[in-house]
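File shown: target.pdb (PDB, C-alpha atoms, pLDDT in the B column).
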```
MODEL        1
ATOM      1  CA  MET L   1     -85.317   3.752  48.507  1.00 74.00           C
ATOM      2  CA  LEU L   2     -86.472   7.263  47.627  1.00 78.00           C
ATOM      3  CA  LYS L   3     -89.774   5.971  46.211  1.00 80.00           C
ATOM      4  CA  ARG L   4     -90.465   3.933  49.337  1.00 81.00           C
ATOM      5  CA  LEU L   5     -89.687   6.895  51.574  1.00 84.00           C
ATOM      6  CA  THR L   6     -91.859   9.218  49.476  1.00 87.00           C
ATOM      7  CA  PHE L   7     -94.884   6.926  49.587  1.00 85.00           C
ATOM      8  CA  VAL L   8     -94.552   6.423  53.346  1.00 86.00           C
ATOM      9  CA  CYS L   9     -94.394  10.210  53.822  1.00 90.00           C
ATOM     10  CA  VAL L  10     -97.469  10.702  51.616  1.00 90.00           C
ATOM     11  CA  THR L  11     -99.336   8.078  53.627  1.00 90.00           C
ATOM     12  CA  LEU L  12     -98.287   9.821  56.841  1.00 92.00           C
ATOM     13  CA  CYS L  13     -99.618  13.135  55.529  1.00 93.00           C
ATOM     14  CA  VAL L  14    -102.936  11.543  54.565  1.00 92.00           C
ATOM     15  CA  ALA L  15    -103.197   9.971  58.033  1.00 92.00           C
ATOM     16  CA  ILE L  16    -102.660  13.379  59.645  1.00 93.00           C
ATOM     17  CA  VAL L  17    -105.314  14.858  57.352  1.00 92.00           C
ATOM     18  CA  ALA L  18    -107.664  12.052  58.443  1.00 89.00           C
ATOM     19  CA  ILE L  19    -107.117  13.044  62.072  1.00 90.00           C
ATOM     20  CA  LEU L  20    -107.823  16.694  61.245  1.00 90.00           C
ATOM     21  CA  VAL L  21    -110.996  15.779  59.327  1.00 88.00           C
ATOM     22  CA  ALA L  22    -112.144  13.642  62.241  1.00 84.00           C
ATOM     23  CA  ALA L  23    -111.517  16.550  64.615  1.00 85.00           C
ATOM     24  CA  ARG L  24    -113.434  18.906  62.346  1.00 85.00           C
ATOM     25  CA  HIS L  25    -116.495  16.643  62.159  1.00 75.00           C
ATOM     26  CA  SER L  26    -116.426  15.435  65.747  1.00 75.00           C
ATOM     27  CA  THR L  27    -119.487  13.687  67.048  1.00 71.00           C
ATOM     28  CA  GLY L  28    -119.963  13.080  70.729  1.00 71.00           C
ATOM     29  CA  ASN L  29    -117.000  12.305  72.928  1.00 76.00           C
ATOM     30  CA  THR L  30    -114.201  12.138  70.331  1.00 78.00           C
ATOM     31  CA  ILE L  31    -111.300  14.355  69.356  1.00 82.00           C
ATOM     32  CA  SER L  32    -112.240  17.883  68.434  1.00 80.00           C
ATOM     33  CA  PHE L  33    -110.630  21.254  67.942  1.00 82.00           C
ATOM     34  CA  GLU L  34    -112.267  22.364  71.195  1.00 84.00           C
ATOM     35  CA  GLU L  35    -109.668  20.211  72.994  1.00 84.00           C
ATOM     36  CA  PRO L  36    -106.451  20.803  71.052  1.00 86.00           C
ATOM     37  CA  LEU L  37    -104.419  18.564  73.364  1.00 90.00           C
ATOM     38  CA  SER L  38    -106.314  15.498  72.146  1.00 88.00           C
ATOM     39  CA  VAL L  39    -105.649  16.486  68.528  1.00 89.00           C
ATOM     40  CA  TYR L  40    -101.941  16.975  69.249  1.00 93.00           C
ATOM     41  CA  LEU L  41    -101.779  13.614  71.022  1.00 93.00           C
ATOM     42  CA  ALA L  42    -103.512  11.858  68.131  1.00 91.00           C
ATOM     43  CA  ILE L  43    -101.146  13.412  65.584  1.00 93.00           C
ATOM     44  CA  GLY L  44     -98.166  12.532  67.795  1.00 94.00           C
ATOM     45  CA  LEU L  45     -99.350   8.936  68.035  1.00 94.00           C
ATOM     46  CA  ILE L  46     -99.738   8.716  64.259  1.00 93.00           C
ATOM     47  CA  VAL L  47     -96.228  10.096  63.733  1.00 94.00           C
ATOM     48  CA  PHE L  48     -94.882   7.648  66.342  1.00 95.00           C
ATOM     49  CA  LEU L  49     -96.591   4.724  64.579  1.00 92.00           C
ATOM     50  CA  PHE L  50     -95.102   5.788  61.245  1.00 92.00           C
ATOM     51  CA  VAL L  51     -91.516   5.834  62.544  1.00 92.00           C
ATOM     52  CA  PRO L  52     -90.895   2.089  61.865  1.00 91.00           C
ATOM     53  CA  PRO L  53     -91.919   2.216  58.180  1.00 90.00           C
ATOM     54  CA  LEU L  54     -89.953   5.427  57.724  1.00 90.00           C
ATOM     55  CA  VAL L  55     -86.824   3.843  59.186  1.00 90.00           C
ATOM     56  CA  LEU L  56     -87.334   0.527  57.394  1.00 86.00           C
ATOM     57  CA  SER L  57     -87.672   2.273  54.036  1.00 85.00           C
ATOM     58  CA  PHE L  58     -83.975   3.216  54.189  1.00 87.00           C
ATOM     59  CA  PHE L  59     -82.749  -0.384  54.185  1.00 84.00           C
ATOM     60  CA  GLU L  60     -82.256  -2.653  51.185  1.00 81.00           C
ATOM     61  CA  HIS L  61     -82.234  -6.019  52.940  1.00 83.00           C
ATOM     62  CA  PRO L  62     -85.097  -8.265  51.713  1.00 81.00           C
ATOM     63  CA  VAL L  63     -86.147  -9.349  55.212  1.00 85.00           C
ATOM     64  CA  LEU L  64     -86.489  -5.751  56.355  1.00 85.00           C
ATOM     65  CA  LYS L  65     -88.469  -4.937  53.228  1.00 84.00           C
ATOM     66  CA  ILE L  66     -90.866  -7.788  53.997  1.00 85.00           C
ATOM     67  CA  ILE L  67     -91.284  -6.546  57.574  1.00 88.00           C
ATOM     68  CA  ASN L  68     -91.985  -3.093  56.136  1.00 87.00           C
ATOM     69  CA  VAL L  69     -94.629  -4.518  53.783  1.00 87.00           C
ATOM     70  CA  VAL L  70     -96.349  -6.378  56.615  1.00 89.00           C
ATOM     71  CA  TYR L  71     -96.356  -3.270  58.810  1.00 91.00           C
ATOM     72  CA  GLN L  72     -97.724  -1.099  56.017  1.00 89.00           C
ATOM     73  CA  SER L  73    -100.405  -3.696  55.295  1.00 90.00           C
ATOM     74  CA  LEU L  74    -101.778  -3.001  58.767  1.00 92.00           C
ATOM     75  CA  ILE L  75    -101.973   0.668  57.804  1.00 90.00           C
ATOM     76  CA  VAL L  76    -103.921  -0.298  54.659  1.00 91.00           C
ATOM     77  CA  PHE L  77    -106.424  -2.213  56.786  1.00 92.00           C
ATOM     78  CA  SER L  78    -106.871   0.752  59.115  1.00 91.00           C
ATOM     79  CA  PHE L  79    -107.724   3.042  56.184  1.00 90.00           C
ATOM     80  CA  VAL L  80    -110.062   0.412  54.716  1.00 92.00           C
ATOM     81  CA  GLY L  81    -111.774   0.166  58.111  1.00 91.00           C
ATOM     82  CA  LEU L  82    -112.253   3.929  58.117  1.00 89.00           C
ATOM     83  CA  ILE L  83    -114.348   3.848  54.919  1.00 89.00           C
ATOM     84  CA  PRO L  84    -117.480   2.282  56.504  1.00 90.00           C
ATOM     85  CA  VAL L  85    -117.128   4.648  59.466  1.00 86.00           C
ATOM     86  CA  GLY L  86    -117.562   7.536  57.031  1.00 84.00           C
ATOM     87  CA  PHE L  87    -120.944   6.137  56.046  1.00 87.00           C
ATOM     88  CA  LEU L  88    -122.064   5.947  59.665  1.00 85.00           C
ATOM     89  CA  ILE L  89    -121.289   9.511  60.736  1.00 82.00           C
ATOM     90  CA  PRO L  90    -123.147  12.624  59.610  1.00 80.00           C
ATOM     91  CA  ASN L  91    -121.226  14.686  57.039  1.00 78.00           C
ATOM     92  CA  GLY L  92    -118.955  11.719  56.499  1.00 80.00           C
ATOM     93  CA  SER L  93    -118.231  12.332  52.843  1.00 86.00           C
ATOM     94  CA  SER L  94    -114.927  14.027  53.619  1.00 87.00           C
ATOM     95  CA  THR L  95    -113.993  11.125  55.887  1.00 87.00           C
ATOM     96  CA  ILE L  96    -114.730   8.679  53.084  1.00 89.00           C
ATOM     97  CA  ILE L  97    -112.662  10.694  50.609  1.00 92.00           C
ATOM     98  CA  VAL L  98    -109.689  10.873  52.974  1.00 91.00           C
ATOM     99  CA  ALA L  99    -110.028   7.161  53.775  1.00 91.00           C
ATOM    100  CA  VAL L 100    -110.054   6.236  50.089  1.00 93.00           C
ATOM    101  CA  LEU L 101    -107.043   8.481  49.430  1.00 93.00           C
ATOM    102  CA  GLY L 102    -105.251   6.910  52.390  1.00 91.00           C
ATOM    103  CA  THR L 103    -106.080   3.424  51.157  1.00 92.00           C
ATOM    104  CA  VAL L 104    -104.741   4.218  47.697  1.00 93.00           C
ATOM    105  CA  ALA L 105    -101.590   5.884  49.061  1.00 91.00           C
ATOM    106  CA  SER L 106    -100.800   3.113  51.521  1.00 91.00           C
ATOM    107  CA  LEU L 107    -101.587   0.412  48.966  1.00 91.00           C
ATOM    108  CA  ALA L 108     -99.237   2.124  46.515  1.00 89.00           C
ATOM    109  CA  SER L 109     -96.609   2.219  49.260  1.00 86.00           C
ATOM    110  CA  VAL L 110     -97.017  -1.520  49.834  1.00 85.00           C
ATOM    111  CA  ILE L 111     -96.795  -2.219  46.104  1.00 87.00           C
ATOM    112  CA  VAL L 112     -93.644  -0.116  45.727  1.00 84.00           C
ATOM    113  CA  ALA L 113     -92.046  -1.832  48.724  1.00 80.00           C
ATOM    114  CA  THR L 114     -93.041  -5.258  47.381  1.00 80.00           C
ATOM    115  CA  ARG L 115     -91.808  -4.638  43.855  1.00 78.00           C
ATOM    116  CA  SER L 116     -88.487  -3.332  45.093  1.00 66.00           C
ATOM    117  CA  THR L 117     -87.874  -6.583  46.974  1.00 56.00           C
ATOM    118  CA  THR L 118     -85.538  -8.709  44.938  1.00 57.00           C
ATOM    119  CA  PHE L 119     -84.624 -12.218  45.838  1.00 54.00           C
ATOM    120  CA  GLN L 120     -81.345 -13.526  44.532  1.00 56.00           C
ATOM    121  CA  PRO L 121     -81.197 -17.268  43.945  1.00 59.00           C
ATOM    122  CA  VAL L 122     -78.800 -19.160  46.134  1.00 56.00           C
ATOM    123  CA  LEU L 123     -76.044 -20.696  44.072  1.00 58.00           C
ATOM    124  CA  LYS L 124     -74.299 -23.811  45.315  1.00 60.00           C
TER     125      LYS L 124
ENDMDL
END
```
Will you turn the file into structure tokens for me?
Amino acid sequence: MLKRLTFVCVTLCVAIVAILVAARHSTGNTISFEEPLSVYLAIGLIVFLFVPPLVLSFFEHPVLKIINVVYQSLIVFSFVGLIPVGFLIPNGSSTIIVAVLGTVASLASVIVATRSTTFQPVLK
């Protein structure tokens, strides 16, 4: 349980860093540090979206672990989708680095949650 919770917290921290990097290198009509309310709302939304995996990481039931893995897989896809965006924006190298770190952290979180799932055979 502690490993699952740790990896989810690391992924949450990387997601918040991704928001801060996006605000630092804002292009056009996106979030920026000039409008701090939009940055706070984006960070609040990320924290809100990470509440289910944080709560599900406390439970040991196999069905809840599978739900947690599926939910975290969506987070992996969002970080993977951020990698090509880094190539499209100017000064996107930091975005690519954060996206790769987020992909690795969330993939490690999925692997830890998957490997901790144990299925006991049903005996008749």
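Interatomic distance, CA of Ile111 (chain L) against CA of Val98 (chain L): 19.6 Å.
If only C-alpha atoms are the atoms counted, then among L:Tyr40, L:Phe87, L:Phe77, L:Tyr71 the closest residue to Ala113 (chain L) is L:Tyr71.
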May I ask which of the residues L:Val39, L:Val47, L:Ala99, L:Ile89 is the closest one to Ile19 (chain L), counting all atoms listed in the file? L:Val39
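Here the PyMOL selection byres ((chain L and resi 4) around 7) catches exactly these residues: Met1, Leu2, Lys3, Leu5, Thr6, Phe7, Val8, Ser57, Ser109, Val112 and Ala113 of chain L.
Using all atoms listed in the file, the smallest distance between any of L:Ala42, L:Ile67, L:Leu82, L:Val55 and Leu101 (chain L) comes from L:Leu82.
With all atoms listed in the file as the atoms that count, the minimum distance from Val100 (chain L) to the choices L:Ser38, L:Ser78, L:Thr27, L:Gln72 is reached by L:Ser78.
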Got a sec: who's within 10 Å of Ala22 (chain L), counting only C-alpha atoms, leaving out chain neighbours fewer than 6 positions off, as a PyMOL selection string? chain L and resi 16+30-33+39+86+92+94-95+98
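Taking CA of Ser73 (chain L) and CA of Ile43 (chain L) as the two end points, the separation is 20.0 Å.
The coordinates place CA of Val21 (chain L) at 12.6 Å from CA of Gly102 (chain L).
Checking L:Ile97, L:Cys9, L:Val14, L:Val104 one by one against Val51 (chain L), counting all atoms listed in the file, you find the shortest gap at L:Cys9.
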Output file: region 20-81 of chain L, C-alpha atoms, as a PDB file, in the first residue's frame:
```
ATOM      1  CA  LEU L  20       3.905  25.137 -13.753  1.00  0.00           C
ATOM      2  CA  VAL L  21       6.157  24.530 -16.778  1.00  0.00           C
ATOM      3  CA  ALA L  22       3.212  25.126 -19.092  1.00  0.00           C
ATOM      4  CA  ALA L  23       2.446  28.380 -17.272  1.00  0.00           C
ATOM      5  CA  ARG L  24       6.072  29.457 -17.526  1.00  0.00           C
ATOM      6  CA  HIS L  25       6.253  28.853 -21.285  1.00  0.00           C
ATOM      7  CA  SER L  26       2.768  30.061 -22.139  1.00  0.00           C
ATOM      8  CA  THR L  27       1.993  30.701 -25.760  1.00  0.00           C
ATOM      9  CA  GLY L  28      -1.088  32.598 -26.783  1.00  0.00           C
ATOM     10  CA  ASN L  29      -4.288  32.231 -24.823  1.00  0.00           C
ATOM     11  CA  THR L  30      -3.278  29.549 -22.293  1.00  0.00           C
ATOM     12  CA  ILE L  31      -2.487  29.498 -18.598  1.00  0.00           C
ATOM     13  CA  SER L  32       0.257  31.847 -17.531  1.00  0.00           C
ATOM     14  CA  PHE L  33       1.665  33.389 -14.394  1.00  0.00           C
ATOM     15  CA  GLU L  34       0.154  36.703 -15.502  1.00  0.00           C
ATOM     16  CA  GLU L  35      -3.242  35.243 -14.522  1.00  0.00           C
ATOM     17  CA  PRO L  36      -2.552  33.338 -11.304  1.00  0.00           C
ATOM     18  CA  LEU L  37      -6.198  32.327 -10.895  1.00  0.00           C
ATOM     19  CA  SER L  38      -5.983  30.108 -13.978  1.00  0.00           C
ATOM     20  CA  VAL L  39      -2.841  28.451 -12.603  1.00  0.00           C
ATOM     21  CA  TYR L  40      -4.520  27.850  -9.238  1.00  0.00           C
ATOM     22  CA  LEU L  41      -7.592  26.410 -10.958  1.00  0.00           C
ATOM     23  CA  ALA L  42      -5.469  24.093 -13.096  1.00  0.00           C
ATOM     24  CA  ILE L  43      -3.532  22.841 -10.066  1.00  0.00           C
ATOM     25  CA  GLY L  44      -6.797  22.398  -8.145  1.00  0.00           C
ATOM     26  CA  LEU L  45      -8.261  20.389 -11.010  1.00  0.00           C
ATOM     27  CA  ILE L  46      -5.183  18.160 -11.139  1.00  0.00           C
ATOM     28  CA  VAL L  47      -5.367  17.544  -7.387  1.00  0.00           C
ATOM     29  CA  PHE L  48      -9.106  16.811  -7.696  1.00  0.00           C
ATOM     30  CA  LEU L  49      -8.451  14.306 -10.502  1.00  0.00           C
ATOM     31  CA  PHE L  50      -5.797  12.565  -8.408  1.00  0.00           C
ATOM     32  CA  VAL L  51      -8.107  12.029  -5.420  1.00  0.00           C
ATOM     33  CA  PRO L  52      -9.548   8.704  -6.738  1.00  0.00           C
ATOM     34  CA  PRO L  53      -6.151   7.014  -7.244  1.00  0.00           C
ATOM     35  CA  LEU L  54      -4.976   8.330  -3.887  1.00  0.00           C
ATOM     36  CA  VAL L  55      -8.022   6.886  -2.135  1.00  0.00           C
ATOM     37  CA  LEU L  56      -7.958   3.636  -4.110  1.00  0.00           C
ATOM     38  CA  SER L  57      -4.309   3.050  -3.231  1.00  0.00           C
ATOM     39  CA  PHE L  58      -5.313   2.448   0.403  1.00  0.00           C
ATOM     40  CA  PHE L  59      -7.446  -0.602  -0.379  1.00  0.00           C
ATOM     41  CA  GLU L  60      -6.275  -4.178  -0.862  1.00  0.00           C
ATOM     42  CA  HIS L  61      -9.284  -5.581  -2.702  1.00  0.00           C
ATOM     43  CA  PRO L  62      -8.328  -6.856  -6.197  1.00  0.00           C
ATOM     44  CA  VAL L  63     -11.282  -5.195  -7.939  1.00  0.00           C
ATOM     45  CA  LEU L  64     -10.383  -1.807  -6.496  1.00  0.00           C
ATOM     46  CA  LYS L  65      -6.771  -2.321  -7.517  1.00  0.00           C
ATOM     47  CA  ILE L  66      -7.875  -3.033 -11.086  1.00  0.00           C
ATOM     48  CA  ILE L  67     -10.022   0.114 -11.110  1.00  0.00           C
ATOM     49  CA  ASN L  68      -6.984   2.017  -9.833  1.00  0.00           C
ATOM     50  CA  VAL L  69      -4.812   0.592 -12.627  1.00  0.00           C
ATOM     51  CA  VAL L  70      -7.354   1.551 -15.284  1.00  0.00           C
ATOM     52  CA  TYR L  71      -7.656   5.079 -13.890  1.00  0.00           C
ATOM     53  CA  GLN L  72      -3.891   5.512 -13.724  1.00  0.00           C
ATOM     54  CA  SER L  73      -3.572   4.213 -17.283  1.00  0.00           C
ATOM     55  CA  LEU L  74      -5.550   7.259 -18.395  1.00  0.00           C
ATOM     56  CA  ILE L  75      -2.974   9.409 -16.614  1.00  0.00           C
ATOM     57  CA  VAL L  76      -0.198   7.591 -18.512  1.00  0.00           C
ATOM     58  CA  PHE L  77      -1.917   8.388 -21.809  1.00  0.00           C
ATOM     59  CA  SER L  78      -2.235  12.055 -20.876  1.00  0.00           C
ATOM     60  CA  PHE L  79       1.512  12.301 -20.197  1.00  0.00           C
ATOM     61  CA  VAL L  80       2.293  10.414 -23.416  1.00  0.00           C
ATOM     62  CA  GLY L  81       0.055  12.862 -25.291  1.00  0.00           C
TER      63      GLY L  81
END
```
